[in-house]
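Colleague: Structure in structure tokens, see below.
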Amino acid sequence: MSISAASTVVERRLRSFVDRRSELDEFCRMVDTGDRPILAISGDTGIGKSSLLERCVHECALRHVRKVEIDFGSIRYNTYLAIMRKVRDELGVEHFVPLTDLINYFTKPSYHLQVDVSAGSSIHVSQNVGTVEAGAQVNVAGVVIHDLMIVEPRTDLSVSEEERVARLTDRFLTDLERLLATTPVVFFFDHVDKATGDTRRWLWNELLTPLADGRLAGARFVLCVREAPKFEEELAQMRGLVAPARLQPLGLPDITEYLARREELRIGDAERERVAEMLLAASKGIPVTVATFVESFLQIRRRGD
Amino acid sequence: MSGAGAVNAFRELLSALPADPVESSVELLLSQLPGDVATYLRLCAIPHRFDVATLRALGPDVPPEESERLYQALLELAVVGSGGQVARLHDTARGYLFRQWLTPSHRVELTVASRRLVAHFAARQQAASDETEIEQFRYSVMFHRLGADETAGMREFNALFKERRRQFRIGDCERLVKLVCEYEPVLRPESLAVLSYRKGQNAADYRQWAKARQAFQAVLDNPASDADLRIRTHNRLGMLAAAERQHRTAIACFEQALHLAASSGRGARYTHRILRDMGAAHRDLGDLDRAMELLSEAAAGAQEAGDLPGVAACQNSLGMLHQKRHEIAEAAAAFHASATALEQLTLPVQQAKVYDNLGTLHTEVGDWTASMEAYARSLAITRAAGDAFGQAITLNNMARAHQRSRDDAKAVELFEEAGRIFEQVGDHYGAAQVRRNIGRVHARLKRFAQARDAFTLAIAGFGHIGATEEQEATRRELARLERRSSLPWWAWTAIVIVALLVGLMILVATYDV
């Protein structure tokens, strides 16, 4: 019931979505051509970044394009490992078996790479890296292999965090590239400004930088972020690959159109103009504030009815 | 009410509102919503995310179907975003409402709600099986514990922060600090001092030195900071300066920490730790005698305090210092002492590293038997721990020892094994380095074709991971090899002269000049 209630709300919000046409066109162009594969949606809080992102996600559904949504506002997706796992789980774990195995190697305390060292120091390394040991979740019929979702690194391993990140990222990108060769994917990252310092560095330096070398063809990225000098610096590194979309407050025609789309308001054209003017003055055109005022207006209206 | 009537009523309400759009829109909405929906909208600003179960926890007396209705009513609001079964308030609205919760008039109610949320998220943490979810609930428990009981919340924050830091998860530490910062306006001065200290540690872990120094200074400026925190802060400031290679400043900070430890009667706890850091600073400054003095004193102090990890660390540092001074027997003794302490602590991987140091030390003086013995011990530990990466490193070191003892065949064999493991675990950098080592052995033996192959593989390996400097250096080595494998300049000159002479003789014979 809660999920259906949520989807009804989302549908209603999509129906009343106004303005942002040029940004939406830019998104469609990016999906179609792959030219400038990063769309950077920025603007102050409440300006409608997440709403635009929701609209872009909907566009993916209409076009049958695969997508992965990651919200840095959630603790859950605030590490590079959590992002890799989310991407893997959304796109199909069968495409990321080597990554899964490497994650197990770094996190599962009893993981044992079989290396036999005899007294005469003739050493033989087993060729079994890539298999998953008993205990991991394995669905043989569907070839679905998950790692153990352990979040802490092994304490019995002398590998530094930098090396761990580098090796896991290499593996992740290799697996992802293979999939992208046949299937384009749009990656949505919301609330990038809430990503922790190391996650944000990983996003720009490890995940997005390969685009500059012509890698990850087939991948498109949408980033939502509050404007900040740090973001400007990050964008500067990737110039030529980024289509910036700086969102502006709504204008009077946008608010008027929004009121028209909210059918439950039941107000005539003349009243709509007046209400739109009042809303623009009170909200300064910030979309979330406009919508909140409209809800108050609806409550007044309902009580009157 | 007619449309015009509603518009007029709306206009009147708008005119009485504060100027800030967010504040005014939320206040107006709260005043117009049905009472129970408004109450829950306020309550839902306490957690970061909520669902029907959270609403039930916040209102334990509300019937379940009523919680469902309230949740649905909240989902309708523009300030509430939802993703599947979880909803959250828009940042600006939550920020505004949460700040209201922190005001004195709402504190009692906040404490009650926070206690309920602690119990709720603790139960969900217990029931969860997904580690990521468990962790998420654990953070929520800590956050709401702060609202329910500041002392207990800060204790939990400190424990979590230390745990994450030990695991090198500095992003998580940053996250934890941000969570506590939400309560910053109402935290007691002693909690603020601890928070500043953690902020400083986190900034230092990110190598943001200025930010770290500012946070540590805030600890020293806070009259509520206790002596323990002040000693640790002076020591941290010393470590910051040392990291920036300002060794004299670092030593001054360590001296302040030492002085405070002694004057506050906390010398037994801190002195040996501070001396160790100070010893390292003197070592890096090149004052090896003073470094030796301090590290020896630190090691003795750690021993006396029963601080075994401290003993192990001091002895390892001492070993490296002795090695630097070419005092081989002393270095070996220190490494052995470090390994023994680590054995008691059952920290096998660190122990293996110390044996590796010992092996390298013996290699340096040409004691191949002792060197191989130390490496074999290291290898046995990493094997037992399943640490393939550690094994590859030791094999590489063993190979280098064989190379120095002119046992080239064995060196190549061990390099090959190390390289294979590096490739198995996906360490392309390690694999490329080993390839280059193999190339060097072949080059020295004038096996130019094998050397060329090994260097070419190393160049490709470095290129694959973007290690351009290493790639270039290896290219230069290959170029040198190509020059060595071709004929020297004088041979080419001789060939040209002979060819000219032969040509001349043919000319003379043909034309009978």
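Ligands are numbered from 1 in the order shown, residues from 1 within each chain, and chains are lettered A, B, ... in the order they appear in the structure tokens.
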With only C-alpha atoms as the counted atoms, please give the residues lying no more than 12 Å from Arg303 in chain A, apart from itself and same-chain residues fewer than 4 positions off, as JSON, numbers by chain.
Modeller: {"A": [296, 297, 298, 299], "B": [1, 2, 5, 6, 9, 32, 33, 34]}
Colleague: What would the file look like if the residues just selected were written as a PDB file, in the first residue's frame with C-alpha atoms?
Modeller:
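What ended up in again31.pdb:
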```
ATOM      1  CA  SER A 296      -1.947  25.346   2.318  1.00  0.00           C
ATOM      2  CA  PHE A 297      -4.289  26.971  -0.169  1.00  0.00           C
ATOM      3  CA  LEU A 298      -5.858  23.583  -0.856  1.00  0.00           C
ATOM      4  CA  GLN A 299      -6.425  23.040   2.870  1.00  0.00           C
TER       5      GLN A 299
ATOM      6  CA  MET B   1     -16.049  28.818   0.505  1.00  0.00           C
ATOM      7  CA  SER B   2     -16.031  30.254  -3.025  1.00  0.00           C
ATOM      8  CA  GLY B   5     -13.203  33.720  -0.796  1.00  0.00           C
ATOM      9  CA  ALA B   6     -10.438  31.173  -0.522  1.00  0.00           C
ATOM     10  CA  ALA B   9      -8.345  34.229   2.958  1.00  0.00           C
ATOM     11  CA  GLN B  32      -3.630  24.666   7.897  1.00  0.00           C
ATOM     12  CA  LEU B  33      -3.062  20.894   8.084  1.00  0.00           C
ATOM     13  CA  PRO B  34      -5.324  18.716  10.265  1.00  0.00           C
TER      14      PRO B  34
END
```
Colleague: May I have the residues within 10 Å of range 288-290 of chain A as an NGL selection string, using only C-alpha atoms and disregarding those fewer than 2 positions away in the same chain?
Modeller: (:A and (45-48 or 51 or 250 or 255 or 258-259 or 276 or 278-286 or 292-295)) or (:B and (21-26 or 77-80 or 90 or 92-93))
Colleague: Can you pull out every residue within 7 Å of Val219 in chain B, counting only C-alpha atoms, but drop anything in the same chain fewer than 3 positions away, and send it as a ChimeraX atom specification?
Modeller: /B:193,196-197,215-216,222,225
Colleague: In Å, rounded to a single decimal, give me how far CA of Gln391 in chain B is from CA of Arg420 in chain B.
Modeller: 11.1 Å
Colleague: Please list as a ChimeraX atom specification every residue within 9 Å of Leu173 in chain A, counting only C-alpha atoms and excluding residues in the same chain fewer than 5 positions away.
Modeller: /A:168,178,207,210,216
Colleague: Pull N, CA and C atoms from the residues just selected and write them as a compact mmCIF listing (two decimals), in the first residue's frame.
Modeller:
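This is the output file out-v4.txt:
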```
# COMPACT_ATOMS: atom_id res chain seq x y z
N LEU A 168 39.65 -2.68 -6.63
CA LEU A 168 38.21 -2.92 -6.78
C LEU A 168 37.64 -2.05 -7.91
N ARG A 178 32.29 -4.02 -20.13
CA ARG A 178 31.84 -5.16 -20.93
C ARG A 178 30.32 -5.08 -21.13
N LEU A 207 35.51 7.13 -11.16
CA LEU A 207 34.38 6.71 -12.00
C LEU A 207 34.22 7.60 -13.23
N PRO A 210 37.63 8.19 -16.31
CA PRO A 210 37.81 7.34 -17.50
C PRO A 210 37.05 7.82 -18.73
N LEU A 216 34.19 3.76 -20.93
CA LEU A 216 32.80 3.73 -20.47
C LEU A 216 31.82 4.29 -21.51
```
Colleague: List the neighbours of range 229-246 of chain A out to 7 Å using only C-alpha atoms; skip same-chain residues closer than 2 positions along the sequence, and give me the result as JSON, numbers by chain.
Modeller: {"A": [23, 36, 37, 38, 39, 40, 41, 42, 43, 227, 248]}
Colleague: Next, dump the selected residues to file, keeping only N, CA and C atoms, as a PDB file, in the first residue's frame.
Modeller:
```
ATOM      1  N   GLU A  23      16.388  21.850 -19.988  1.00  0.00           N
ATOM      2  CA  GLU A  23      17.203  20.859 -19.274  1.00  0.00           C
ATOM      3  C   GLU A  23      16.799  19.443 -19.678  1.00  0.00           C
ATOM      4  N   ARG A  36      28.940  14.770 -24.659  1.00  0.00           N
ATOM      5  CA  ARG A  36      28.919  15.322 -23.300  1.00  0.00           C
ATOM      6  C   ARG A  36      28.067  14.417 -22.392  1.00  0.00           C
ATOM      7  N   PRO A  37      28.669  13.316 -21.942  1.00  0.00           N
ATOM      8  CA  PRO A  37      27.873  12.291 -21.236  1.00  0.00           C
ATOM      9  C   PRO A  37      27.563  12.583 -19.773  1.00  0.00           C
ATOM     10  N   ILE A  38      27.912  13.792 -19.289  1.00  0.00           N
ATOM     11  CA  ILE A  38      27.577  14.129 -17.897  1.00  0.00           C
ATOM     12  C   ILE A  38      26.645  15.340 -17.892  1.00  0.00           C
ATOM     13  N   LEU A  39      25.475  15.178 -17.312  1.00  0.00           N
ATOM     14  CA  LEU A  39      24.576  16.315 -17.146  1.00  0.00           C
ATOM     15  C   LEU A  39      24.643  16.730 -15.679  1.00  0.00           C
ATOM     16  N   ALA A  40      25.117  17.943 -15.439  1.00  0.00           N
ATOM     17  CA  ALA A  40      25.286  18.408 -14.055  1.00  0.00           C
ATOM     18  C   ALA A  40      24.171  19.381 -13.710  1.00  0.00           C
ATOM     19  N   ILE A  41      23.206  18.903 -12.942  1.00  0.00           N
ATOM     20  CA  ILE A  41      22.079  19.756 -12.546  1.00  0.00           C
ATOM     21  C   ILE A  41      22.443  20.421 -11.222  1.00  0.00           C
ATOM     22  N   SER A  42      22.498  21.743 -11.225  1.00  0.00           N
ATOM     23  CA  SER A  42      22.883  22.425  -9.985  1.00  0.00           C
ATOM     24  C   SER A  42      21.906  23.540  -9.669  1.00  0.00           C
ATOM     25  N   GLY A  43      21.958  23.996  -8.434  1.00  0.00           N
ATOM     26  CA  GLY A  43      21.077  25.081  -8.004  1.00  0.00           C
ATOM     27  C   GLY A  43      20.876  25.018  -6.511  1.00  0.00           C
ATOM     28  N   GLU A 227      25.091  24.254  -5.753  1.00  0.00           N
ATOM     29  CA  GLU A 227      26.253  24.968  -6.287  1.00  0.00           C
ATOM     30  C   GLU A 227      27.248  25.297  -5.182  1.00  0.00           C
ATOM     31  N   GLN A 248      17.064  27.803 -12.347  1.00  0.00           N
ATOM     32  CA  GLN A 248      16.679  29.142 -11.885  1.00  0.00           C
ATOM     33  C   GLN A 248      15.303  29.061 -11.223  1.00  0.00           C
TER      34      GLN A 248
END
```
Colleague: Using DSSP on the backbone coordinates, identify all residues within range 11-126 of chain B classified as strand (DSSP E or B); present the result as number ranges by chain.
Modeller: B: 50, 80-83, 86-89
